[in-house]
Amino acid sequence: MSENAKGDGRTAGRGKRIGPHGGSSRVSNRPPVIGERNPDGEVGDGAMVRRPGIMTLCALGYMLLVWYLALVPMEFERFTLAEGWRQFTELPLLARTQERLPGLMTHLVAMLPLGFLLAIGILSFRDPAAKLVFGALAWLIIVLFPIAIEFTQLWATVRVSTWSDVYTGWVGLVLGWAAGGLSGAAILRALGAMVDPFRRAEARKALLSIYPLALVFFLLLPFDLRLNLSVLERKWNDGLIILRPFAYDPDAAWAWWFYHIRKLLIWLPVALWLRLGWDYFRLGPRTLGETAVLMAVFTVMVEIARLPLASAMSDVTSPLLGIMAALLAHLLIGRVVDQRGGLRMGKHWSSGLRFEVGMAFGWLYLAVVGGLLTRPWRLRLEWSYIQERWMSMIDWPFASMYWAGEWRALQKFTIMMLLMAPAGAFFAFALDGRLRPGRAIWLVVGLVLGFGLAVEMLQGVMESDRYGSPTPSLTDCIAYGGGAALGWLGASAFLPRRISAKRDVADASLAVAGVDRS
């Protein structure tokens with residue numbers, strides 16, 4: 001039971017609140033929806049992602065993005081629609097394709113999110129008739145969208161239309177639909193919890209549970225499976241199978257540290273999942289030894305699964321790093337994060353102090369990243385040189401990445417997003433409790449986008465003969481903004497529960513009266 005020091009209300013019984021004059025009113029235990037205030041005056045935003053319009057807009061926006069990416073670098077031939085239809089009907093349906101497997105996997109991965117968005121979009125509708133209409137439209141999109149992409153690619157001069165891409169797109173859409181149908185309701189709840197300060201524990205549980213599955217999927221890409229002994233022999237000769245711990249030997253010493261520290265960090269959330277994610281179901285390990293054993297089993301299975309992949313490295317060091325990650329997770333729990341996975345740092349700070357600390361670390365991180373992106377910091381102040389490089393930045397977004405290959409383009413774009421995700425997390429820490437989530441994310445993305453645009457323009461005046469001059473690109477700016485949004489969304493789930501400056505004042509007054517509001 002908690003009591004207000006001024007006698008303006010206290011809780012008694014289950015779900016009742018005693019008013020200042022002795023009256024009582026029913027208090028709901030459910031999370032507040034948009035615009036609704038709980039008895040403490042706090043506003044909930046968790047229902048934002050359940051609006052059908054938002055989910056439909058996300059699916060439509062992603063469709064247009066995939067269609068655009070299928071046509072870059074936006075160079076087209078001129079012939080009639082009838083001629084295009086004739087060429088399309090002449091494409092062989094079952095011809096053996098010479099396309100590399102990574103290219104097909106790019107099509108599959110690109111279609112997965114669309115199928116997922118269409119599936120969970122149906123769940124956001126409450127009216128059965130609306131669900132039926134949206135479901136029929138969604139399946140029409142699943143059938144026709146891959147065909148429409150390949151048909152329009154006939155006019156793109158550097159693109160090749162094949163039915164193998166259509167088949168791969170259908171597989172990706174159906175797999176995404178199945179994933180959305182099986183876990184869409186849970187994903188919607190998790191997304192709502194990420195932007196709702198009252199339900200962050202649910203979001204942490206969902207993220208910690210999804211992370212191992214996404215990690216395994218990422219580590220096995222691009223699924224270039226070759227089940228024969230010659231592949232293992234080639235990988236052994238090329239040094240892609242390492243049987244001695246910490247025997248990886250790159251050209252530079254820093255690369256050795258980066259390789260092992262990166263693996264330690266990607267195993268760390270798995271260890272937290274084993275220790276915290278399962279704990280909700282009373283299945284999680286209780287001791288360091290149990291967590292270490294499970295981590296060792298998990299990492300060994302992943303490395304064995306990577307053996308038949310033609311381009312993947314298998315390293316016996318992974319189980320040892322997994323055990324280290326288990327030890328690190330146990331050290332962090334109770335010191336850096338609480339028993340439910342929430343960040344402890346800043347839990348009792350005022351919103352003003354959190355704003356100052358978060359902004360300081362965010363801009364410091366951006367300064368370091370900006371320095372790395374503009375190295376070797378040698379200026380060439382010639383207007384003709386600068387003008388030529390700046391004009392290259394105005395090219396169609398993603399056009400320059402196409403020439404490196406679709407799979408490598410996807411990898412580079414993902415890396416650039418992850419590079420800016422920590423900045424989004426720092427700014428999320430700073431703005432949490434000062435702005436509504438819908439406004440905070442736009443401010444975070446705007447800050448990082450502005451900084452990224454400045455970095456890309458600065459790259460236009462840099463020159464290097466040894467490393468290759470950094471290339472300014474509008475595509476990188478888009479990746480920076482997406483990474484900031486990703487960092488904000490992920491960090492928001494793990495932030496301590498701070499709502500507003502008014503709450504700070506109320507908590508301080510209650511602390512003086514000796515009352516613990518929690």
# chains A, B, ... in the order shown; residues from 1 in each chain; ligands from 1
$ residues_around --residues "A:Phe451" --least-positions-apart "4" --cutoff "9 Å" --atoms "only C-alpha atoms" --output "number ranges by chain"
A: 366, 370, 446-447, 455-456, 477, 480
$ select_by_dssp --residues "stretch 310-396 of chain A" --states "strand (DSSP E or B)" --output "list in words"
Ser314, Asp315, Ile333, Val337, Leu343 and Leu379 of chain A
$ residues_around --residues "stretch 304-315 of chain A" --least-positions-apart "3" --cutoff "9 Å" --atoms "only C-alpha atoms" --output "PDB file with N, CA, C and O atoms, in the first residue's frame"
ATOM      1  N   LEU A 219      23.699 -15.248 -39.097  1.00  0.00           N
ATOM      2  CA  LEU A 219      24.982 -15.936 -39.159  1.00  0.00           C
ATOM      3  C   LEU A 219      25.021 -17.018 -40.238  1.00  0.00           C
ATOM      4  O   LEU A 219      26.101 -17.409 -40.691  1.00  0.00           O
ATOM      5  N   LEU A 220      23.861 -17.517 -40.644  1.00  0.00           N
ATOM      6  CA  LEU A 220      23.822 -18.552 -41.674  1.00  0.00           C
ATOM      7  C   LEU A 220      23.620 -17.988 -43.082  1.00  0.00           C
ATOM      8  O   LEU A 220      23.655 -18.738 -44.052  1.00  0.00           O
ATOM      9  N   LEU A 221      23.374 -16.683 -43.196  1.00  0.00           N
ATOM     10  CA  LEU A 221      23.239 -16.088 -44.519  1.00  0.00           C
ATOM     11  C   LEU A 221      24.575 -16.138 -45.249  1.00  0.00           C
ATOM     12  O   LEU A 221      25.623 -16.049 -44.617  1.00  0.00           O
ATOM     13  N   PRO A 222      24.612 -16.236 -46.590  1.00  0.00           N
ATOM     14  CA  PRO A 222      23.451 -16.303 -47.495  1.00  0.00           C
ATOM     15  C   PRO A 222      23.002 -17.728 -47.811  1.00  0.00           C
ATOM     16  O   PRO A 222      22.511 -17.992 -48.910  1.00  0.00           O
ATOM     17  N   PHE A 223      23.183 -18.666 -46.889  1.00  0.00           N
ATOM     18  CA  PHE A 223      22.711 -20.046 -47.051  1.00  0.00           C
ATOM     19  C   PHE A 223      23.316 -20.725 -48.293  1.00  0.00           C
ATOM     20  O   PHE A 223      22.628 -21.464 -49.008  1.00  0.00           O
ATOM     21  N   ASP A 224      24.591 -20.439 -48.553  1.00  0.00           N
ATOM     22  CA  ASP A 224      25.246 -21.085 -49.693  1.00  0.00           C
ATOM     23  C   ASP A 224      25.691 -22.489 -49.288  1.00  0.00           C
ATOM     24  O   ASP A 224      26.852 -22.762 -49.064  1.00  0.00           O
ATOM     25  N   LEU A 225      24.712 -23.375 -49.219  1.00  0.00           N
ATOM     26  CA  LEU A 225      24.910 -24.721 -48.700  1.00  0.00           C
ATOM     27  C   LEU A 225      25.582 -25.604 -49.741  1.00  0.00           C
ATOM     28  O   LEU A 225      25.132 -25.702 -50.877  1.00  0.00           O
ATOM     29  N   ARG A 226      26.674 -26.276 -49.336  1.00  0.00           N
ATOM     30  CA  ARG A 226      27.377 -27.216 -50.222  1.00  0.00           C
ATOM     31  C   ARG A 226      27.699 -28.472 -49.415  1.00  0.00           C
ATOM     32  O   ARG A 226      28.656 -28.515 -48.649  1.00  0.00           O
ATOM     33  N   LEU A 227      26.882 -29.489 -49.545  1.00  0.00           N
ATOM     34  CA  LEU A 227      27.049 -30.694 -48.738  1.00  0.00           C
ATOM     35  C   LEU A 227      27.983 -31.679 -49.430  1.00  0.00           C
ATOM     36  O   LEU A 227      27.557 -32.685 -49.995  1.00  0.00           O
ATOM     37  N   ASN A 228      29.277 -31.396 -49.424  1.00  0.00           N
ATOM     38  CA  ASN A 228      30.245 -32.352 -49.937  1.00  0.00           C
ATOM     39  C   ASN A 228      31.587 -32.096 -49.269  1.00  0.00           C
ATOM     40  O   ASN A 228      31.847 -31.022 -48.720  1.00  0.00           O
ATOM     41  N   LEU A 229      32.444 -33.099 -49.304  1.00  0.00           N
ATOM     42  CA  LEU A 229      33.727 -33.037 -48.608  1.00  0.00           C
ATOM     43  C   LEU A 229      34.685 -32.052 -49.261  1.00  0.00           C
ATOM     44  O   LEU A 229      35.587 -31.519 -48.597  1.00  0.00           O
ATOM     45  N   VAL A 231      34.106 -29.092 -50.269  1.00  0.00           N
ATOM     46  CA  VAL A 231      33.909 -27.765 -49.673  1.00  0.00           C
ATOM     47  C   VAL A 231      34.638 -27.670 -48.341  1.00  0.00           C
ATOM     48  O   VAL A 231      35.302 -26.673 -48.043  1.00  0.00           O
ATOM     49  N   LEU A 232      34.527 -28.718 -47.528  1.00  0.00           N
ATOM     50  CA  LEU A 232      35.232 -28.714 -46.244  1.00  0.00           C
ATOM     51  C   LEU A 232      36.741 -28.674 -46.449  1.00  0.00           C
ATOM     52  O   LEU A 232      37.465 -27.980 -45.712  1.00  0.00           O
ATOM     53  N   ARG A 234      38.312 -27.352 -49.042  1.00  0.00           N
ATOM     54  CA  ARG A 234      38.676 -26.018 -49.494  1.00  0.00           C
ATOM     55  C   ARG A 234      38.658 -25.021 -48.341  1.00  0.00           C
ATOM     56  O   ARG A 234      39.559 -24.184 -48.220  1.00  0.00           O
ATOM     57  N   LYS A 235      37.633 -25.111 -47.487  1.00  0.00           N
ATOM     58  CA  LYS A 235      37.567 -24.203 -46.353  1.00  0.00           C
ATOM     59  C   LYS A 235      38.732 -24.421 -45.397  1.00  0.00           C
ATOM     60  O   LYS A 235      39.257 -23.464 -44.809  1.00  0.00           O
ATOM     61  N   GLY A 239      41.756 -21.620 -44.506  1.00  0.00           N
ATOM     62  CA  GLY A 239      41.765 -21.113 -43.132  1.00  0.00           C
ATOM     63  C   GLY A 239      40.413 -20.707 -42.603  1.00  0.00           C
ATOM     64  O   GLY A 239      40.336 -19.916 -41.643  1.00  0.00           O
ATOM     65  N   LEU A 240      39.327 -21.229 -43.193  1.00  0.00           N
ATOM     66  CA  LEU A 240      37.989 -20.896 -42.722  1.00  0.00           C
ATOM     67  C   LEU A 240      37.485 -21.846 -41.646  1.00  0.00           C
ATOM     68  O   LEU A 240      36.376 -21.667 -41.141  1.00  0.00           O
ATOM     69  N   ILE A 241      38.246 -22.866 -41.314  1.00  0.00           N
ATOM     70  CA  ILE A 241      37.922 -23.775 -40.206  1.00  0.00           C
ATOM     71  C   ILE A 241      39.077 -23.692 -39.212  1.00  0.00           C
ATOM     72  O   ILE A 241      40.191 -24.124 -39.507  1.00  0.00           O
ATOM     73  N   ILE A 242      38.807 -23.137 -38.051  1.00  0.00           N
ATOM     74  CA  ILE A 242      39.847 -22.877 -37.044  1.00  0.00           C
ATOM     75  C   ILE A 242      39.583 -23.789 -35.850  1.00  0.00           C
ATOM     76  O   ILE A 242      38.544 -23.659 -35.175  1.00  0.00           O
ATOM     77  N   LEU A 243      40.509 -24.693 -35.574  1.00  0.00           N
ATOM     78  CA  LEU A 243      40.335 -25.677 -34.502  1.00  0.00           C
ATOM     79  C   LEU A 243      41.168 -25.353 -33.257  1.00  0.00           C
ATOM     80  O   LEU A 243      41.069 -26.066 -32.261  1.00  0.00           O
ATOM     81  N   ARG A 244      41.991 -24.323 -33.309  1.00  0.00           N
ATOM     82  CA  ARG A 244      42.733 -23.893 -32.122  1.00  0.00           C
ATOM     83  C   ARG A 244      42.109 -22.611 -31.587  1.00  0.00           C
ATOM     84  O   ARG A 244      41.860 -21.679 -32.352  1.00  0.00           O
ATOM     85  N   PRO A 245      41.862 -22.529 -30.276  1.00  0.00           N
ATOM     86  CA  PRO A 245      41.233 -21.325 -29.716  1.00  0.00           C
ATOM     87  C   PRO A 245      42.079 -20.081 -29.974  1.00  0.00           C
ATOM     88  O   PRO A 245      43.301 -20.104 -29.837  1.00  0.00           O
ATOM     89  N   PHE A 246      41.404 -19.017 -30.388  1.00  0.00           N
ATOM     90  CA  PHE A 246      42.021 -17.704 -30.606  1.00  0.00           C
ATOM     91  C   PHE A 246      43.158 -17.760 -31.632  1.00  0.00           C
ATOM     92  O   PHE A 246      44.122 -17.009 -31.538  1.00  0.00           O
ATOM     93  N   ALA A 247      43.049 -18.677 -32.598  1.00  0.00           N
ATOM     94  CA  ALA A 247      44.089 -18.828 -33.616  1.00  0.00           C
ATOM     95  C   ALA A 247      43.818 -17.997 -34.858  1.00  0.00           C
ATOM     96  O   ALA A 247      44.600 -18.050 -35.808  1.00  0.00           O
ATOM     97  N   TYR A 248      42.751 -17.243 -34.881  1.00  0.00           N
ATOM     98  CA  TYR A 248      42.459 -16.383 -36.031  1.00  0.00           C
ATOM     99  C   TYR A 248      43.586 -15.365 -36.187  1.00  0.00           C
ATOM    100  O   TYR A 248      43.954 -14.660 -35.233  1.00  0.00           O
ATOM    101  N   THR A 299      26.365 -22.043 -28.970  1.00  0.00           N
ATOM    102  CA  THR A 299      27.418 -21.601 -29.892  1.00  0.00           C
ATOM    103  C   THR A 299      28.010 -22.767 -30.678  1.00  0.00           C
ATOM    104  O   THR A 299      28.343 -22.617 -31.862  1.00  0.00           O
ATOM    105  N   VAL A 300      28.151 -23.933 -30.050  1.00  0.00           N
ATOM    106  CA  VAL A 300      28.659 -25.105 -30.772  1.00  0.00           C
ATOM    107  C   VAL A 300      27.710 -25.490 -31.896  1.00  0.00           C
ATOM    108  O   VAL A 300      28.132 -25.803 -33.023  1.00  0.00           O
ATOM    109  N   MET A 301      26.401 -25.470 -31.632  1.00  0.00           N
ATOM    110  CA  MET A 301      25.428 -25.811 -32.673  1.00  0.00           C
ATOM    111  C   MET A 301      25.487 -24.821 -33.830  1.00  0.00           C
ATOM    112  O   MET A 301      25.372 -25.209 -35.008  1.00  0.00           O
ATOM    113  N   SER A 318      34.334 -19.729 -30.532  1.00  0.00           N
ATOM    114  CA  SER A 318      32.990 -19.231 -30.224  1.00  0.00           C
ATOM    115  C   SER A 318      32.433 -19.764 -28.909  1.00  0.00           C
ATOM    116  O   SER A 318      31.867 -18.995 -28.118  1.00  0.00           O
ATOM    117  N   PRO A 319      32.523 -21.091 -28.612  1.00  0.00           N
ATOM    118  CA  PRO A 319      32.022 -21.546 -27.313  1.00  0.00           C
ATOM    119  C   PRO A 319      32.723 -20.879 -26.134  1.00  0.00           C
ATOM    120  O   PRO A 319      32.083 -20.579 -25.109  1.00  0.00           O
TER     121      PRO A 319
END
$ select_by_dssp --residues "stretch 93-337 of chain A" --states "helix (DSSP H, G or I)" --output "VMD selection string"
chain A and resid 101 to 123 128 to 155 163 to 194 197 to 220 229 to 237 253 to 281 288 to 306 317 to 332
$ closest_atom_pairs --of "stretch 153-180 of chain A" --to "stretch 58-76 of chain A" --cutoff "6 Å" --atoms "only C-alpha atoms" --output "tab-separated table"
residue	atom	partner	partner_atom	distance
A:Trp155	CA	A:Phe76	CA	5.2
A:Ala156	CA	A:Phe76	CA	4.4
A:Thr157	CA	A:Phe76	CA	5.3
$ write_last_selection --atoms "N, CA and C atoms" --output "mmCIF file, in the first residue's frame"
data_model
loop_
_atom_site.group_PDB
_atom_site.id
_atom_site.type_symbol
_atom_site.label_atom_id
_atom_site.label_comp_id
_atom_site.auth_asym_id
_atom_site.auth_seq_id
_atom_site.Cartn_x
_atom_site.Cartn_y
_atom_site.Cartn_z
ATOM 1 N N TRP A 155 12.110 -3.011 -68.601
ATOM 2 C CA TRP A 155 12.462 -1.696 -69.137
ATOM 3 C C TRP A 155 13.777 -1.179 -68.552
ATOM 4 N N ALA A 156 14.270 -1.770 -67.432
ATOM 5 C CA ALA A 156 15.522 -1.338 -66.826
ATOM 6 C C ALA A 156 16.689 -1.970 -67.583
ATOM 7 N N THR A 157 17.595 -1.144 -68.073
ATOM 8 C CA THR A 157 18.638 -1.631 -68.987
ATOM 9 C C THR A 157 19.627 -2.580 -68.313
#
$ residues_around --residues "A:Ala485" --least-positions-apart "6" --cutoff "10 Å" --atoms "only C-alpha atoms" --output "list of chain:residue names"
A:Met417, A:Met420, A:Ala421, A:Ala423, A:Gly424, A:Ala425, A:Ala428, A:Ile441, A:Trp442, A:Leu443, A:Val444, A:Val445, A:Gly446, A:Val448, A:Ala479, A:Ala491
$ atom_distance --atom1 "atom CA of A:Pro472" --atom2 "atom CA of A:Ala252"
26.8 Å
$ residues_around --residues "A:Val357" --least-positions-apart "5" --cutoff "9 Å" --atoms "only C-alpha atoms" --output "list in words"
Gly352, Gly362, Phe426, Phe429 and Ala430 of chain A
$ residues_around --residues "A:Ala179" --least-positions-apart "3" --cutoff "10 Å" --atoms "only C-alpha atoms" --output "number ranges by chain"
A: 112-113, 115-117, 119-120, 173-176, 182-184
$ write_last_selection --atoms "all heavy atoms" --output "mmCIF file, in the first residue's frame"
data_model
loop_
_atom_site.group_PDB
_atom_site.id
_atom_site.type_symbol
_atom_site.label_atom_id
_atom_site.label_comp_id
_atom_site.auth_asym_id
_atom_site.auth_seq_id
_atom_site.Cartn_x
_atom_site.Cartn_y
_atom_site.Cartn_z
ATOM 1 N N LEU A 112 10.515 -10.901 -47.139
ATOM 2 C CA LEU A 112 10.077 -11.353 -45.812
ATOM 3 C C LEU A 112 9.346 -10.263 -45.030
ATOM 4 O O LEU A 112 8.249 -10.498 -44.506
ATOM 5 C CB LEU A 112 11.279 -11.872 -45.021
ATOM 6 C CG LEU A 112 11.725 -13.308 -45.301
ATOM 7 C CD1 LEU A 112 13.052 -13.591 -44.600
ATOM 8 C CD2 LEU A 112 10.667 -14.300 -44.819
ATOM 9 N N PRO A 113 9.911 -9.047 -44.893
ATOM 10 C CA PRO A 113 9.205 -8.025 -44.107
ATOM 11 C C PRO A 113 7.846 -7.647 -44.676
ATOM 12 O O PRO A 113 6.923 -7.351 -43.916
ATOM 13 C CB PRO A 113 10.181 -6.831 -44.137
ATOM 14 C CG PRO A 113 11.513 -7.424 -44.427
ATOM 15 C CD PRO A 113 11.231 -8.572 -45.332
ATOM 16 N N GLY A 115 5.676 -9.607 -46.360
ATOM 17 C CA GLY A 115 4.715 -10.621 -45.942
ATOM 18 C C GLY A 115 4.371 -10.513 -44.477
ATOM 19 O O GLY A 115 3.200 -10.685 -44.073
ATOM 20 N N PHE A 116 5.367 -10.190 -43.664
ATOM 21 C CA PHE A 116 5.134 -10.038 -42.225
ATOM 22 C C PHE A 116 4.216 -8.843 -41.948
ATOM 23 O O PHE A 116 3.277 -8.930 -41.146
ATOM 24 C CB PHE A 116 6.473 -9.857 -41.522
ATOM 25 C CG PHE A 116 6.374 -9.765 -40.033
ATOM 26 C CD1 PHE A 116 6.306 -10.907 -39.269
ATOM 27 C CD2 PHE A 116 6.348 -8.539 -39.394
ATOM 28 C CE1 PHE A 116 6.215 -10.834 -37.892
ATOM 29 C CE2 PHE A 116 6.248 -8.447 -38.023
ATOM 30 C CZ PHE A 116 6.177 -9.603 -37.278
ATOM 31 N N LEU A 117 4.474 -7.708 -42.613
ATOM 32 C CA LEU A 117 3.645 -6.516 -42.410
ATOM 33 C C LEU A 117 2.202 -6.752 -42.856
ATOM 34 O O LEU A 117 1.260 -6.285 -42.208
ATOM 35 C CB LEU A 117 4.246 -5.332 -43.160
ATOM 36 C CG LEU A 117 5.525 -4.729 -42.582
ATOM 37 C CD1 LEU A 117 6.102 -3.698 -43.545
ATOM 38 C CD2 LEU A 117 5.264 -4.096 -41.223
ATOM 39 N N ALA A 119 0.627 -9.593 -42.832
ATOM 40 C CA ALA A 119 -0.027 -10.495 -41.881
ATOM 41 C C ALA A 119 -0.438 -9.772 -40.609
ATOM 42 O O ALA A 119 -1.565 -9.924 -40.129
ATOM 43 C CB ALA A 119 0.902 -11.662 -41.556
ATOM 44 N N ILE A 120 0.466 -8.988 -40.044
ATOM 45 C CA ILE A 120 0.106 -8.299 -38.796
ATOM 46 C C ILE A 120 -0.820 -7.112 -39.068
ATOM 47 O O ILE A 120 -1.493 -6.629 -38.159
ATOM 48 C CB ILE A 120 1.342 -7.831 -38.012
ATOM 49 C CG1 ILE A 120 2.133 -6.779 -38.792
ATOM 50 C CG2 ILE A 120 2.229 -9.008 -37.661
ATOM 51 C CD1 ILE A 120 3.295 -6.217 -37.998
ATOM 52 N N LEU A 173 7.569 -14.015 -49.316
ATOM 53 C CA LEU A 173 6.292 -13.454 -48.872
ATOM 54 C C LEU A 173 5.507 -14.446 -48.021
ATOM 55 O O LEU A 173 4.934 -14.084 -46.990
ATOM 56 C CB LEU A 173 5.465 -13.035 -50.087
ATOM 57 C CG LEU A 173 5.906 -11.749 -50.784
ATOM 58 C CD1 LEU A 173 5.215 -11.607 -52.133
ATOM 59 C CD2 LEU A 173 5.595 -10.539 -49.916
ATOM 60 N N VAL A 174 5.479 -15.702 -48.442
ATOM 61 C CA VAL A 174 4.737 -16.715 -47.678
ATOM 62 C C VAL A 174 5.399 -16.971 -46.321
ATOM 63 O O VAL A 174 4.715 -17.096 -45.301
ATOM 64 C CB VAL A 174 4.625 -18.017 -48.501
ATOM 65 C CG1 VAL A 174 4.019 -19.129 -47.651
ATOM 66 C CG2 VAL A 174 3.769 -17.784 -49.740
ATOM 67 N N LEU A 175 6.726 -17.024 -46.300
ATOM 68 C CA LEU A 175 7.414 -17.212 -45.022
ATOM 69 C C LEU A 175 7.167 -16.023 -44.085
ATOM 70 O O LEU A 175 6.935 -16.196 -42.892
ATOM 71 C CB LEU A 175 8.913 -17.391 -45.252
ATOM 72 C CG LEU A 175 9.359 -18.704 -45.894
ATOM 73 C CD1 LEU A 175 10.868 -18.710 -46.105
ATOM 74 C CD2 LEU A 175 8.951 -19.899 -45.018
ATOM 75 N N GLY A 176 7.217 -14.809 -44.630
ATOM 76 C CA GLY A 176 6.927 -13.635 -43.818
ATOM 77 C C GLY A 176 5.496 -13.630 -43.320
ATOM 78 O O GLY A 176 5.219 -13.267 -42.174
ATOM 79 N N LEU A 182 1.885 -16.342 -37.018
ATOM 80 C CA LEU A 182 2.190 -17.088 -35.796
ATOM 81 C C LEU A 182 2.573 -16.176 -34.638
ATOM 82 O O LEU A 182 2.267 -16.477 -33.477
ATOM 83 C CB LEU A 182 3.327 -18.082 -36.071
ATOM 84 C CG LEU A 182 2.999 -19.223 -37.038
ATOM 85 C CD1 LEU A 182 4.245 -20.055 -37.319
ATOM 86 C CD2 LEU A 182 1.899 -20.117 -36.448
ATOM 87 N N SER A 183 3.273 -15.085 -34.943
ATOM 88 C CA SER A 183 3.781 -14.239 -33.857
ATOM 89 C C SER A 183 3.350 -12.791 -33.991
ATOM 90 O O SER A 183 3.849 -11.939 -33.255
ATOM 91 C CB SER A 183 5.316 -14.302 -33.835
ATOM 92 O OG SER A 183 5.853 -13.829 -35.064
ATOM 93 N N GLY A 184 2.448 -12.490 -34.924
ATOM 94 C CA GLY A 184 2.068 -11.100 -35.158
ATOM 95 C C GLY A 184 1.469 -10.433 -33.940
ATOM 96 O O GLY A 184 1.783 -9.277 -33.630
#
$ closest_residue --among "A:Leu486, A:Pro128, A:Leu108, A:Ile147" --to "A:Val171" --atoms "only C-alpha atoms"
A:Leu108
$ residues_around --residues "stretch 130-137 of chain A" --least-positions-apart "2" --cutoff "12 Å" --atoms "only C-alpha atoms" --output "mmCIF file with C-alpha atoms, in the first residue's frame"
data_model
loop_
_atom_site.group_PDB
_atom_site.id
_atom_site.type_symbol
_atom_site.label_atom_id
_atom_site.label_comp_id
_atom_site.auth_asym_id
_atom_site.auth_seq_id
_atom_site.Cartn_x
_atom_site.Cartn_y
_atom_site.Cartn_z
ATOM 1 C CA PRO A 52 -4.851 -0.104 -38.949
ATOM 2 C CA GLY A 53 -3.868 3.013 -40.870
ATOM 3 C CA MET A 55 0.190 -0.751 -40.349
ATOM 4 C CA THR A 56 -1.294 -0.310 -43.837
ATOM 5 C CA ALA A 59 3.179 -2.107 -45.756
ATOM 6 C CA LEU A 60 2.537 0.304 -48.639
ATOM 7 C CA GLY A 115 4.715 -10.621 -45.942
ATOM 8 C CA LEU A 117 3.645 -6.516 -42.410
ATOM 9 C CA LEU A 118 0.662 -7.754 -44.421
ATOM 10 C CA ALA A 119 -0.027 -10.495 -41.881
ATOM 11 C CA ILE A 120 0.106 -8.299 -38.796
ATOM 12 C CA GLY A 121 -1.811 -5.593 -40.679
ATOM 13 C CA ILE A 122 -4.826 -7.907 -40.636
ATOM 14 C CA LEU A 123 -4.518 -8.265 -36.856
ATOM 15 C CA SER A 124 -4.725 -4.494 -36.417
ATOM 16 C CA PHE A 125 -8.288 -4.430 -37.820
ATOM 17 C CA ARG A 126 -11.098 -5.077 -35.361
ATOM 18 C CA ASP A 127 -14.028 -5.292 -37.791
ATOM 19 C CA PRO A 128 -14.347 -8.826 -39.312
ATOM 20 C CA TRP A 139 -3.040 -12.176 -50.882
ATOM 21 C CA LEU A 140 -3.579 -10.379 -54.189
ATOM 22 C CA ILE A 141 -0.408 -8.419 -53.430
ATOM 23 C CA ILE A 142 1.470 -11.606 -52.521
ATOM 24 C CA VAL A 143 0.579 -13.209 -55.860
ATOM 25 C CA LEU A 144 1.046 -10.218 -58.162
ATOM 26 C CA PHE A 145 3.780 -8.100 -56.559
ATOM 27 C CA TRP A 177 3.152 -14.150 -43.789
ATOM 28 C CA GLY A 181 0.437 -15.038 -38.478
#
$ closest_residue --among "A:Ala409, A:Leu276, A:Met457, A:Leu207" --to "A:Val337" --atoms "only C-alpha atoms"
A:Leu276
$ closest_residue --among "A:Ala185, A:Leu57, A:Leu264, A:Leu495" --to "A:His348" --atoms "only C-alpha atoms"
A:Leu495
